[in-house]
>>> print(open('entry-v2.cif').read())   # mmCIF, C-alpha atoms
data_upload
loop_
_atom_site.label_atom_id
_atom_site.label_comp_id
_atom_site.auth_asym_id
_atom_site.auth_seq_id
_atom_site.Cartn_x
_atom_site.Cartn_y
_atom_site.Cartn_z
CA MET B 1 4.99 4.12 -23.45
CA THR B 2 2.41 6.32 -25.16
CA ARG B 3 0.08 8.58 -23.23
CA GLU B 4 -2.80 6.21 -23.98
CA GLU B 5 -0.89 3.15 -22.74
CA LYS B 6 0.10 4.98 -19.58
CA VAL B 7 -3.52 5.92 -18.76
CA LYS B 8 -4.65 2.34 -19.46
CA GLN B 9 -2.11 1.05 -16.95
CA LEU B 10 -3.44 3.50 -14.36
CA ILE B 11 -7.03 2.35 -14.99
CA ILE B 12 -5.93 -1.28 -14.54
CA LYS B 13 -4.12 -0.39 -11.30
CA VAL B 14 -7.11 1.44 -9.84
CA GLY B 15 -9.41 -1.41 -10.93
CA GLU B 16 -7.90 -3.72 -8.28
CA GLY B 17 -7.63 -6.73 -10.60
CA LYS B 18 -11.15 -6.43 -12.01
CA ILE B 19 -10.16 -4.60 -15.22
CA THR B 20 -8.05 -6.09 -18.02
CA GLU B 21 -6.47 -4.17 -20.89
CA ASP B 22 -8.86 -5.56 -23.52
CA MET B 23 -11.84 -4.12 -21.62
CA ILE B 24 -10.53 -0.56 -21.95
CA THR B 25 -11.72 0.83 -25.26
CA LEU B 26 -11.57 4.53 -26.01
CA ASP B 27 -15.27 4.98 -25.33
CA ALA B 28 -15.91 2.45 -22.55
CA ASP B 29 -17.59 4.28 -19.68
CA LEU B 30 -15.20 4.06 -16.70
CA ASN B 31 -18.12 3.88 -14.27
CA LYS B 32 -20.88 1.98 -16.08
CA ASP B 33 -18.78 -0.35 -18.26
CA LEU B 34 -15.63 -0.82 -16.19
CA GLY B 35 -17.17 -0.52 -12.72
CA LEU B 36 -15.04 2.28 -11.26
CA ASP B 37 -17.09 3.92 -8.49
CA SER B 38 -16.80 7.54 -7.37
CA LEU B 39 -13.85 6.87 -5.03
CA ALA B 40 -11.99 4.91 -7.70
CA MET B 41 -12.54 7.81 -10.12
CA VAL B 42 -10.97 10.19 -7.61
CA GLU B 43 -8.05 7.79 -7.20
CA LEU B 44 -7.61 7.62 -10.98
CA LEU B 45 -7.55 11.41 -11.12
CA VAL B 46 -4.84 11.62 -8.43
CA MET B 47 -2.79 8.89 -10.15
CA THR B 48 -3.16 10.66 -13.51
CA GLU B 49 -2.14 14.01 -12.06
CA ASP B 50 0.92 12.40 -10.43
CA ALA B 51 1.90 10.50 -13.56
CA PHE B 52 1.70 13.51 -15.88
CA GLY B 53 2.64 16.27 -13.41
CA ILE B 54 -0.54 18.30 -13.92
CA GLN B 55 -3.33 19.63 -11.71
CA ALA B 56 -6.72 19.38 -13.38
CA SER B 57 -9.72 21.56 -12.58
CA LYS B 58 -12.65 19.88 -10.83
CA ASP B 59 -14.86 20.34 -13.91
CA ASP B 60 -12.36 18.78 -16.31
CA ALA B 61 -11.71 15.87 -13.97
CA GLN B 62 -15.39 15.15 -13.45
CA ALA B 63 -16.04 15.23 -17.19
CA ALA B 64 -13.37 12.58 -17.88
CA GLY B 65 -15.66 9.55 -17.86
CA THR B 66 -13.90 7.59 -20.62
CA LEU B 67 -10.35 6.98 -21.82
CA ARG B 68 -10.98 9.28 -24.79
CA LEU B 69 -12.16 12.11 -22.53
CA THR B 70 -9.23 11.55 -20.15
CA LEU B 71 -6.78 11.81 -23.07
CA ALA B 72 -8.57 14.97 -24.23
CA TYR B 73 -8.11 16.72 -20.89
CA LEU B 74 -4.51 15.58 -20.74
CA ASP B 75 -3.96 17.10 -24.20
CA LYS B 76 -5.44 20.35 -22.92
CA TYR B 77 -3.09 20.53 -19.91
CA LEU B 78 0.06 19.09 -21.44
CA GLU B 79 -0.09 21.17 -24.59
CA ALA B 80 -1.17 24.40 -22.89
CA MET J 1 16.08 12.16 26.79
CA GLN J 2 14.21 9.87 24.40
CA ALA J 3 10.43 9.61 24.83
CA GLY J 4 8.17 6.80 23.71
CA ILE J 5 5.01 4.83 24.39
CA LEU J 6 5.01 2.81 27.63
CA GLY J 7 1.51 1.30 27.42
CA THR J 8 -1.72 1.40 25.43
CA GLY J 9 -5.43 0.95 26.11
CA ILE J 10 -8.78 1.33 24.40
CA HIS J 11 -12.47 1.47 25.09
CA LEU J 12 -15.09 0.84 22.42
CA PRO J 13 -18.75 1.16 23.40
CA GLU J 14 -20.86 -1.98 23.01
CA GLY J 15 -23.64 -0.30 21.02
CA ALA J 16 -23.25 -0.33 17.24
CA LEU J 17 -24.86 0.76 14.00
CA THR J 18 -24.51 -2.04 11.44
CA ASN J 19 -24.42 -1.98 7.65
CA GLU J 20 -27.62 -4.02 7.68
CA GLU J 21 -29.42 -1.28 9.64
CA LEU J 22 -28.08 1.42 7.32
CA ALA J 23 -28.95 -0.65 4.25
CA GLU J 24 -32.52 -0.98 5.41
CA ARG J 25 -32.80 2.70 6.25
CA PHE J 26 -31.37 3.93 2.93
CA GLY J 27 -32.43 1.10 0.61
CA LEU J 28 -28.91 0.03 -0.37
CA PRO J 29 -27.21 -3.39 -0.33
CA PRO J 30 -25.01 -3.92 2.79
CA ASP J 31 -22.18 -5.21 0.57
CA GLU J 32 -22.09 -1.90 -1.28
CA LEU J 33 -21.72 -0.03 2.01
CA PHE J 34 -18.79 -2.27 2.99
CA ALA J 35 -17.17 -1.85 -0.43
CA LEU J 36 -17.34 1.94 -0.09
CA SER J 37 -15.85 2.07 3.39
CA GLY J 38 -14.34 -1.19 4.65
CA ILE J 39 -16.59 -0.78 7.70
CA ARG J 40 -19.18 -3.33 8.85
CA ARG J 41 -20.35 -1.54 11.98
CA ARG J 42 -19.55 1.67 13.81
CA ARG J 43 -19.72 1.87 17.58
CA VAL J 44 -22.28 4.13 19.26
CA ALA J 45 -21.95 5.33 22.84
CA ALA J 46 -24.89 4.83 25.20
CA PRO J 47 -26.96 7.99 25.85
CA GLU J 48 -25.43 8.43 29.31
CA GLN J 49 -21.82 8.07 28.02
CA ALA J 50 -19.79 11.14 27.12
CA CYS J 51 -16.29 11.63 25.73
CA SER J 52 -14.59 11.53 29.16
CA ASP J 53 -16.30 8.24 30.10
CA LEU J 54 -14.75 6.48 27.11
CA ALA J 55 -11.43 8.30 27.68
CA ILE J 56 -11.21 7.27 31.35
CA ALA J 57 -11.80 3.59 30.54
CA ALA J 58 -9.14 3.61 27.80
CA ALA J 59 -6.69 5.57 29.95
CA ARG J 60 -7.11 3.24 32.92
CA GLN J 61 -6.12 0.30 30.72
CA ALA J 62 -3.14 2.19 29.25
CA MET J 63 -1.89 3.12 32.73
CA GLU J 64 -2.20 -0.51 33.89
CA ASN J 65 -0.31 -1.74 30.84
CA ALA J 66 2.36 0.91 31.36
CA GLY J 67 2.60 0.24 35.10
CA ALA J 68 2.03 3.97 35.67
CA ALA J 69 0.50 5.19 38.93
CA PRO J 70 -1.79 8.28 38.88
CA GLU J 71 0.74 10.37 40.79
CA GLU J 72 3.39 9.75 38.10
CA ILE J 73 1.33 11.48 35.41
CA GLY J 74 2.53 15.06 34.96
CA MET J 75 0.27 16.03 32.05
CA VAL J 76 -3.08 14.85 30.71
CA ILE J 77 -3.82 15.59 27.05
CA VAL J 78 -7.12 14.67 25.43
CA ALA J 79 -7.26 14.89 21.65
CA THR J 80 -10.93 15.27 20.76
CA ASN J 81 -13.49 17.10 18.65
CA THR J 82 -16.41 16.00 20.80
CA GLY J 83 -15.52 16.86 24.39
CA ASP J 84 -18.03 16.65 27.23
CA HIS J 85 -18.52 20.45 27.38
CA PRO J 86 -17.28 23.52 25.46
CA THR J 87 -15.71 24.48 28.81
CA PRO J 88 -13.91 23.10 30.80
CA SER J 89 -11.54 20.74 29.03
CA THR J 90 -12.33 17.04 28.91
CA ALA J 91 -8.80 16.45 30.18
CA VAL J 92 -9.72 17.74 33.66
CA LEU J 93 -12.61 15.27 33.79
CA VAL J 94 -10.21 12.47 32.89
CA GLN J 95 -7.84 13.67 35.60
CA LYS J 96 -10.68 13.67 38.13
CA GLY J 97 -11.95 10.25 37.04
CA LEU J 98 -8.54 8.64 37.38
CA GLY J 99 -7.52 10.41 40.59
CA ILE J 100 -4.46 12.01 39.01
CA PRO J 101 -3.22 14.70 41.41
CA THR J 102 -2.36 18.22 40.16
CA ALA J 103 -1.24 17.31 36.66
CA GLY J 104 -1.46 19.87 33.87
CA CYS J 105 -4.52 19.17 31.72
CA PHE J 106 -5.59 20.37 28.31
CA ASP J 107 -7.56 19.34 25.26
CA LEU J 108 -5.99 19.33 21.83
CA LYS J 109 -8.03 19.87 18.69
CA ALA J 110 -6.35 18.89 15.46
CA ASN J 111 -9.31 16.80 14.34
CA CYS J 112 -8.46 13.36 12.95
CA ALA J 113 -4.75 14.24 13.16
CA GLY J 114 -5.11 15.10 16.86
CA PHE J 115 -3.43 11.99 18.19
CA VAL J 116 -0.31 12.56 16.07
CA TYR J 117 -0.13 16.17 17.25
CA GLY J 118 -0.59 14.88 20.80
CA LEU J 119 2.24 12.37 20.43
CA MET J 120 4.53 15.09 19.16
CA VAL J 121 3.65 17.45 22.03
CA GLY J 122 3.60 14.74 24.72
CA CYS J 123 6.95 13.28 23.72
CA SER J 124 8.42 16.79 23.66
CA LEU J 125 7.24 17.35 27.24
CA VAL J 126 8.93 14.13 28.34
CA SER J 127 12.13 14.62 26.38
CA THR J 128 12.59 18.16 27.69
CA GLY J 129 11.94 17.03 31.28
CA LEU J 130 8.74 19.10 31.67
CA ALA J 131 6.74 15.98 32.58
CA SER J 132 8.02 12.58 33.63
CA LYS J 133 5.01 10.78 32.20
CA VAL J 134 2.21 12.04 29.97
CA LEU J 135 -1.24 10.51 29.54
CA LEU J 136 -2.46 11.06 25.99
CA VAL J 137 -6.00 10.04 25.05
CA GLY J 138 -7.88 10.25 21.76
CA SER J 139 -11.60 10.06 22.51
CA GLU J 140 -14.70 10.78 20.46
CA VAL J 141 -18.48 10.56 20.68
CA LEU J 142 -19.06 11.53 17.08
CA SER J 143 -22.51 9.93 16.92
CA ARG J 144 -23.92 13.06 18.64
CA PHE J 145 -22.75 15.20 15.70
CA ILE J 146 -23.96 13.11 12.76
CA ASN J 147 -27.05 14.10 10.78
CA PRO J 148 -29.28 10.99 10.90
CA THR J 149 -30.17 11.53 7.23
CA ASP J 150 -26.55 11.92 6.01
CA LEU J 151 -25.44 8.49 4.80
CA ASP J 152 -21.90 9.63 3.93
CA SER J 153 -21.21 10.55 7.57
CA LEU J 154 -23.26 7.73 9.13
CA LEU J 155 -21.33 5.23 7.06
CA LEU J 156 -17.95 6.29 8.38
CA PHE J 157 -17.96 7.73 11.86
CA GLY J 158 -18.04 5.85 15.15
CA ASP J 159 -17.42 6.38 18.86
CA GLY J 160 -14.45 5.14 20.85
CA ALA J 161 -11.29 5.99 22.75
CA GLY J 162 -7.64 4.99 22.73
CA ALA J 163 -4.91 6.02 25.15
CA VAL J 164 -1.17 5.81 25.64
CA VAL J 165 1.20 6.63 28.46
CA LEU J 166 4.32 8.40 27.26
CA GLY J 167 7.57 8.33 29.18
CA PRO J 168 11.34 7.91 28.92
CA VAL J 169 12.74 5.09 26.78
CA ALA J 170 16.26 3.93 25.93
CA GLU J 171 18.38 5.81 23.38
CA GLY J 172 17.43 4.86 19.82
CA TYR J 173 13.85 3.98 20.81
CA GLY J 174 10.65 6.02 20.99
CA LEU J 175 9.91 9.04 18.82
CA LEU J 176 12.53 9.34 16.07
CA ALA J 177 10.89 11.99 13.87
CA SER J 178 7.66 13.89 13.39
CA GLU J 179 6.10 16.17 10.82
CA VAL J 180 2.79 18.02 10.90
CA GLY J 181 1.02 20.51 8.67
CA SER J 182 -2.30 22.10 7.77
CA ASN J 183 -3.94 23.92 4.89
CA GLY J 184 -6.62 26.29 6.17
CA GLU J 185 -7.72 27.07 2.61
CA ASP J 186 -9.73 23.84 2.84
CA TYR J 187 -11.17 24.52 6.30
CA ASP J 188 -14.71 23.90 5.03
CA ALA J 189 -14.06 20.48 3.44
CA LEU J 190 -15.19 18.88 6.70
CA ILE J 191 -16.93 21.19 9.14
CA VAL J 192 -19.45 21.50 11.95
CA GLU J 193 -20.68 25.01 11.17
CA ALA J 194 -22.71 25.94 14.24
CA GLY J 195 -21.96 26.10 17.94
CA GLY J 196 -18.92 28.38 17.92
CA SER J 197 -18.50 32.16 18.03
CA ARG J 198 -18.94 32.46 14.24
CA LEU J 199 -22.39 30.90 14.28
CA PRO J 200 -23.84 30.27 17.75
CA PHE J 201 -26.68 27.78 18.05
CA SER J 202 -30.08 29.24 17.17
CA ARG J 203 -33.41 28.04 15.87
CA GLN J 204 -32.12 28.70 12.34
CA THR J 205 -28.96 26.62 12.82
CA LEU J 206 -31.00 23.75 14.21
CA GLU J 207 -33.45 23.94 11.30
CA GLY J 208 -30.50 23.97 8.91
CA LYS J 209 -28.93 20.99 10.70
CA GLN J 210 -25.76 23.03 11.08
CA GLU J 211 -24.84 21.38 14.36
CA PHE J 212 -23.88 18.25 12.42
CA VAL J 213 -20.76 17.24 10.50
CA ARG J 214 -20.83 18.28 6.84
CA MET J 215 -18.26 16.71 4.57
CA ASP J 216 -17.18 17.16 0.97
CA GLY J 217 -16.34 13.49 0.51
CA GLY J 218 -14.54 13.77 -2.83
CA ARG J 219 -12.32 16.63 -1.67
CA ILE J 220 -11.46 14.84 1.59
CA PHE J 221 -10.74 11.55 -0.21
CA MET J 222 -8.37 13.26 -2.64
CA PHE J 223 -6.59 15.13 0.15
CA ALA J 224 -6.35 12.00 2.30
CA MET J 225 -5.07 9.75 -0.43
CA ARG J 226 -2.28 12.19 -1.31
CA THR J 227 -1.45 13.16 2.26
CA LEU J 228 -1.24 9.68 3.73
CA GLY J 229 1.61 8.77 1.40
CA ASP J 230 3.31 12.15 1.19
CA SER J 231 3.38 12.79 4.95
CA ALA J 232 4.62 9.26 5.67
CA LEU J 233 7.44 9.67 3.15
CA ARG J 234 8.42 13.05 4.61
CA VAL J 235 8.76 11.70 8.15
CA ILE J 236 10.73 8.66 6.94
CA ARG J 237 13.16 10.93 5.09
CA LYS J 238 13.36 13.24 8.10
CA ALA J 239 14.53 10.26 10.19
CA GLY J 240 17.16 9.47 7.55
CA LEU J 241 15.49 6.17 6.74
CA GLY J 242 13.88 4.53 3.70
CA VAL J 243 10.45 2.97 3.21
CA GLU J 244 12.06 -0.47 3.51
CA ASP J 245 13.18 0.38 7.08
CA VAL J 246 9.57 0.71 8.28
CA ASP J 247 8.03 -2.46 9.72
CA LEU J 248 4.44 -1.26 9.96
CA PHE J 249 2.37 1.69 8.77
CA ILE J 250 -0.52 2.67 11.02
CA PRO J 251 -2.64 5.19 9.11
CA HIS J 252 -5.70 7.07 10.29
CA GLN J 253 -8.61 4.64 10.03
CA ALA J 254 -10.81 6.88 7.89
CA ASN J 255 -11.85 4.46 5.20
CA ARG J 256 -10.24 1.27 3.88
CA ARG J 257 -10.36 2.67 0.36
CA ILE J 258 -8.11 5.59 1.29
CA ILE J 259 -5.50 3.25 2.75
CA ALA J 260 -5.66 0.89 -0.24
CA ALA J 261 -5.33 3.79 -2.67
CA ALA J 262 -2.37 5.25 -0.77
CA ALA J 263 -0.67 1.84 -0.67
CA ARG J 264 -1.05 1.52 -4.46
CA ARG J 265 0.32 5.01 -4.91
CA LEU J 266 3.36 4.16 -2.74
CA GLU J 267 3.65 0.78 -4.49
CA LEU J 268 3.64 -1.01 -1.13
CA PRO J 269 1.70 -4.18 -0.29
CA LEU J 270 -1.44 -3.54 1.71
CA ASP J 271 -0.37 -5.98 4.44
CA ARG J 272 2.22 -3.46 5.63
CA PHE J 273 -0.66 -1.19 6.69
CA VAL J 274 -2.88 -1.69 9.72
CA ILE J 275 -6.58 -1.73 8.83
CA ALA J 276 -8.69 -1.69 11.95
CA MET J 277 -11.92 0.15 11.19
CA GLU J 278 -14.09 -2.80 10.15
CA ASP J 279 -15.62 -3.35 13.59
CA CYS J 280 -15.66 0.22 14.93
CA GLY J 281 -15.69 2.78 12.10
CA ASN J 282 -13.65 5.97 11.84
CA THR J 283 -13.26 7.24 15.39
CA SER J 284 -11.37 10.41 14.38
CA ALA J 285 -8.79 11.33 17.07
CA ALA J 286 -9.26 7.89 18.68
CA ALA J 287 -8.64 5.91 15.49
CA LEU J 288 -4.85 5.78 15.65
CA PRO J 289 -4.49 4.71 19.30
CA VAL J 290 -7.25 2.12 18.80
CA ALA J 291 -5.41 0.69 15.76
CA LEU J 292 -2.10 0.82 17.65
CA HIS J 293 -3.46 -1.00 20.70
CA GLN J 294 -5.11 -3.69 18.58
CA SER J 295 -1.83 -4.22 16.68
CA VAL J 296 0.04 -4.61 19.98
CA VAL J 297 -2.54 -7.09 21.31
CA GLN J 298 -2.45 -9.08 18.05
CA GLY J 299 1.34 -9.33 18.27
CA ARG J 300 1.92 -7.38 15.06
CA ILE J 301 4.38 -5.07 16.85
CA LYS J 302 7.54 -6.27 18.58
CA THR J 303 10.37 -4.52 20.38
CA GLY J 304 12.61 -2.68 17.96
CA ASP J 305 10.00 -2.35 15.19
CA ARG J 306 9.83 0.96 13.39
CA LEU J 307 6.28 2.29 13.04
CA VAL J 308 4.94 5.20 11.03
CA MET J 309 1.63 6.61 12.27
CA THR J 310 -0.12 9.12 10.02
CA GLY J 311 -3.21 11.18 10.83
CA PHE J 312 -5.19 13.41 8.47
CA GLY J 313 -8.58 15.07 8.42
CA ALA J 314 -10.56 18.26 8.91
CA GLY J 315 -8.65 21.52 8.84
CA VAL J 316 -7.31 20.19 6.61
CA SER J 317 -4.58 18.98 8.95
CA TRP J 318 -2.16 16.10 8.89
CA GLY J 319 0.84 14.67 10.68
CA SER J 320 3.12 11.64 10.87
CA ILE J 321 5.40 10.30 13.54
CA LEU J 322 8.05 7.64 13.20
CA LEU J 323 8.86 5.70 16.34
CA ARG J 324 10.83 2.65 17.35
CA TRP J 325 8.79 0.46 19.62
CA GLY J 326 9.68 -0.57 23.16
CA SER J 327 12.57 -0.40 25.62
CA ALA J 328 11.06 1.49 28.48
CA THR J 329 13.74 2.57 30.93
#
>>> encode(input="entry-v2.cif", output="C-alpha cells")
Amino acid sequence: MTREEKVKQLIIKVGEGKITEDMITLDADLNKDLGLDSLAMVELLVMTEDAFGIQASKDDAQAAGTLRLTLAYLDKYLEA
Amino acid sequence: MQAGILGTGIHLPEGALTNEELAERFGLPPDELFALSGIRRRRVAAPEQACSDLAIAAARQAMENAGAAPEEIGMVIVATNTGDHPTPSTAVLVQKGLGIPTAGCFDLKANCAGFVYGLMVGCSLVSTGLASKVLLVGSEVLSRFINPTDLDSLLLFGDGAGAVVLGPVAEGYGLLASEVGSNGEDYDALIVEAGGSRLPFSRQTLEGKQEFVRMDGGRIFMFAMRTLGDSALRVIRKAGLGVEDVDLFIPHQANRRIIAAAARRLELPLDRFVIAMEDCGNTSAAALPVALHQSVVQGRIKTGDRLVMTGFGAGVSWGSILLRWGSAT
C-alpha cells in the first residue's frame, strides 16, 4: 500500500462511515469538504503518527488540512 | 488475600444543565454539542450540596449493597478534586455522616484517574490485612469550578458521586493487575491555577478567573485517546491475558469521542466499552464508579467477568485496573 493509500484509509476510518474513498482528492479540505471536526483532526493525527511511527510538531500537524499537505509533512518526517 | 469490590452505589444530583440551555446561551445547535461530547445534560449540585453530601449518599448505597456495617469499614478514601474544604479531608466528613467509628480517613487527588488509584490503594490495604473493608468514594462538585463563559468546560463537566466497598474475595477474583503513571511535563494541560500555595486567591486571580478549570482541549484529547488504549493494553499484558479475555472495558467517561477514537485505534467494537456520560456528563473522579454501578444495575456485568477500568486526566495522570467480578467470601 502506498503512503497515499494508507492515509486515505485512515481518513475513511476517522470519518465514521461518512467519508468514501472517491471523496478524498488531494486538495479536498478535510474540515470543510469532508466534515472532519477538530476532534476528528486530532484523531487523524494520532492515527497517522502511529501508522508511520513519527511524532509531528503541533505546527505541522495543524497545517495538514488536506491529503496533499498531510503527505507533505509525512515526506518531511520520513525522509529527514 | 485477594481483594475486590463487594458493592457499588451512586448519587447524581437532580439539577442539570442541558444542551438546549447551553445552545441558547452560546448560539449553537444542541445537536452539535452532543456530537462533540456524547453528553445531553450534566448534573449540577444544589447550592447547599457539597462534595461530602453526594459522597455520603453514594457510599450509603454501596454499603447497603455490600452488606457492610459502618463498624466493618477500616479505611475511608475519597478521590476528589473538589472537596468540601481545603482542610480537613472530605473523607472525615463522610466518616462522620455515615457513623463509621475510628476508621482511617484520607482524600486522594489523582484527578480523573483518582478512582483507579483509589482501587489500587484500597485493594492493597485489604490484601495486606491492613483493613478488612475499605470504603472508596469518587465524588465531585465540579460545577463550582467552571467558568460560566467557558463552553469547552461547561459542555463536559458535571457533578456526582460513586462508591464501592472493597473487601476479601475468593482466589482468582477481584483485582488481578493494575498500572498507573503520570507525566508532570503536561501539568498545565488541565489546571485550576489559583487557590493553592503557588497562587493564593486574590482580587487579581478572581479578575483573571483563575479559580476556574482551564483546559487545553486538543492536548487533553490527544493524550486521552492514546492513553486509554495504551494503559488498558499494559494492564491486560501485566495480568498475562489478551484483549479477547476482557468482557467489558469501563473507561473514564470524559467524552464519547475519546472512547470511540480509542476503540477504533484498538480495533475493538464500541459495544465492548461502557458509555455512561450522556445523562450526567464527565464527573471526573466519580465517573468510573458511576459507570460501574450503572453497568451492574443494567446486568452488563456478571460473576466471573473480567473488567478493565481505565482513568486518565489532569496531571497528566492515568491508570488501569483489571479485575474479575464477584465471589465475595
>>> closest_atom_pairs(input="entry-v2.cif", of="chain B", to="chain J", cutoff="10 Å", atoms="all atoms listed in the file", output="Markdown table")
| residue | atom | partner | partner_atom | distance |
| --- | --- | --- | --- | --- |
| B:Lys13 | CA | J:Arg264 | CA | 7.7 |
| B:Val14 | CA | J:Ala261 | CA | 7.8 |
| B:Glu16 | CA | J:Arg264 | CA | 9.4 |
| B:Asp37 | CA | J:Leu36 | CA | 8.6 |
| B:Ser38 | CA | J:Gly218 | CA | 8.0 |
| B:Leu39 | CA | J:Gly218 | CA | 7.3 |
| B:Ala40 | CA | J:Ala261 | CA | 8.4 |
| B:Met41 | CA | J:Gly218 | CA | 9.6 |
| B:Val42 | CA | J:Met222 | CA | 6.4 |
| B:Glu43 | CA | J:Ala261 | CA | 6.6 |
| B:Leu44 | CA | J:Ala261 | CA | 9.4 |
| B:Leu45 | CA | J:Met222 | CA | 8.7 |
| B:Val46 | CA | J:Met222 | CA | 7.0 |
| B:Met47 | CA | J:Arg265 | CA | 7.2 |
| B:Asp50 | CA | J:Arg265 | CA | 9.2 |
| B:Lys58 | CA | J:Arg219 | CA | 9.7 |
>>> resolve_selection(input="entry-v2.cif", expression="the PyMOL selection byres ((chain B and resi 69) around 12)", output="PyMOL selection string")
chain B and resi 4+7+25-30+60-68+70-76
>>> residues_near_point(input="entry-v2.cif", point="(11.6, 10.5, 11.5)", cutoff="10 Å", atoms="all atoms listed in the file", output="PyMOL selection string")
chain J and resi 175-179+232-241+306-308+320-324
>>> atom_distance(input="entry-v2.cif", atom1="CA of Glu5 (chain B)", atom2="CA of Ala224 (chain J)")
27.1 Å
>>> residues_around(input="entry-v2.cif", residues="Glu14 (chain J)", least_positions_apart="3", cutoff="12 Å", atoms="only C-alpha atoms", output="ChimeraX atom specification")
/J:11,17,41-46,49,54,158-160,279-280
>>> closest_residue(input="entry-v2.cif", among="J:Asp305, J:Asp230, J:Asp247, J:Asp53", to="Pro13 (chain J)", atoms="all atoms listed in the file")
J:Asp53
>>> closest_residue(input="entry-v2.cif", among="J:Pro148, J:Gly196, J:Gly138, J:Gly315", to="Lys209 (chain J)", atoms="only C-alpha atoms")
J:Pro148
>>> residues_near_point(input="entry-v2.cif", point="(-2.3, 15.4, 29.8)", cutoff="6 Å", atoms="only C-alpha atoms", output="ChimeraX atom specification")
/J:75-77,105,134-136
>>> residues_around(input="entry-v2.cif", residues="Pro70 (chain J)", least_positions_apart="5", cutoff="9 Å", atoms="all atoms listed in the file", output="PyMOL selection string")
chain J and resi 63+95+98-101
>>> closest_residue(input="entry-v2.cif", among="J:Ala103, J:Gly167, J:Asn65, J:Val126", to="Ala328 (chain J)", atoms="only C-alpha atoms")
J:Gly167
>>> axis_aligned_box(input="entry-v2.cif", around="region 5-15 of chain B", padding_each_side="8 Å", output="AutoDock Vina command-line options")
--center_x -4.7 --center_y 2.3 --center_z -16.3 --size_x 25.5 --size_y 23.3 --size_z 28.9
>>> atom_distance(input="entry-v2.cif", atom1="CA of Leu33 (chain J)", atom2="CA of Leu248 (chain J)")
27.4 Å
>>> residues_around(input="entry-v2.cif", residues="Gly129 (chain J)", least_positions_apart="3", cutoff="12 Å", atoms="only C-alpha atoms", output="count of residues only")
15
>>> atom_distance(input="entry-v2.cif", atom1="CA of Arg198 (chain J)", atom2="CA of Asp150 (chain J)")
23.4 Å
>>> closest_residue(input="entry-v2.cif", among="J:Leu190, J:Leu22, J:Leu93, J:Met277", to="Pro289 (chain J)", atoms="all atoms listed in the file")
J:Met277
>>> closest_residue(input="entry-v2.cif", among="B:Leu34, B:Ala51, B:Ala56, B:Met23", to="Arg3 (chain B)", atoms="only C-alpha atoms")
B:Ala51
>>> resolve_selection(input="entry-v2.cif", expression="the PyMOL selection byres ((chain J and resi 292) around 10)", output="list in words")
Thr8, Gly9, Ile10, Gly162, Ala163, Val164, Phe249, Ile250, Pro251, Val274, Ala276, Ala287, Leu288, Pro289, Val290, Ala291, His293, Gln294, Ser295, Val296, Val297, Gln298, Arg300, Ile301, Leu307 and Met309 of chain J
>>> decode(input="entry-v2.cif", residues="region 61-73 of chain B", atoms="N, CA and C atoms", output="short mmCIF file (atom, residue, chain, number, x, y, z; two decimals), in the first residue's frame")
data_model
loop_
_atom_site.label_atom_id
_atom_site.label_comp_id
_atom_site.auth_asym_id
_atom_site.auth_seq_id
_atom_site.Cartn_x
_atom_site.Cartn_y
_atom_site.Cartn_z
N ALA B 61 1.26 19.60 12.26
CA ALA B 61 0.01 18.84 12.32
C ALA B 61 -1.19 19.75 12.03
N GLN B 62 -1.15 20.95 12.61
CA GLN B 62 -2.28 21.86 12.41
C GLN B 62 -2.38 22.35 10.97
N ALA B 63 -1.23 22.39 10.28
CA ALA B 63 -1.22 22.89 8.91
C ALA B 63 -1.72 21.83 7.91
N ALA B 64 -1.82 20.58 8.37
CA ALA B 64 -2.15 19.49 7.44
C ALA B 64 -3.65 19.38 7.23
N GLY B 65 -4.22 20.34 6.48
CA GLY B 65 -5.66 20.38 6.31
C GLY B 65 -6.18 19.64 5.08
N THR B 66 -5.27 19.09 4.28
CA THR B 66 -5.69 18.30 3.10
C THR B 66 -4.80 17.05 3.02
N LEU B 67 -5.18 16.15 2.13
CA LEU B 67 -4.35 14.95 1.92
C LEU B 67 -2.98 15.36 1.39
N ARG B 68 -2.95 16.34 0.46
CA ARG B 68 -1.66 16.76 -0.08
C ARG B 68 -0.74 17.29 1.02
N LEU B 69 -1.31 18.13 1.90
CA LEU B 69 -0.49 18.70 2.98
C LEU B 69 -0.08 17.63 3.99
N THR B 70 -0.94 16.65 4.21
CA THR B 70 -0.58 15.55 5.12
C THR B 70 0.59 14.76 4.54
N LEU B 71 0.53 14.48 3.23
CA LEU B 71 1.62 13.74 2.58
C LEU B 71 2.91 14.55 2.62
N ALA B 72 2.77 15.88 2.51
CA ALA B 72 3.97 16.74 2.54
C ALA B 72 4.64 16.67 3.90
N TYR B 73 3.84 16.70 4.99
CA TYR B 73 4.51 16.64 6.30
C TYR B 73 5.06 15.25 6.58
#
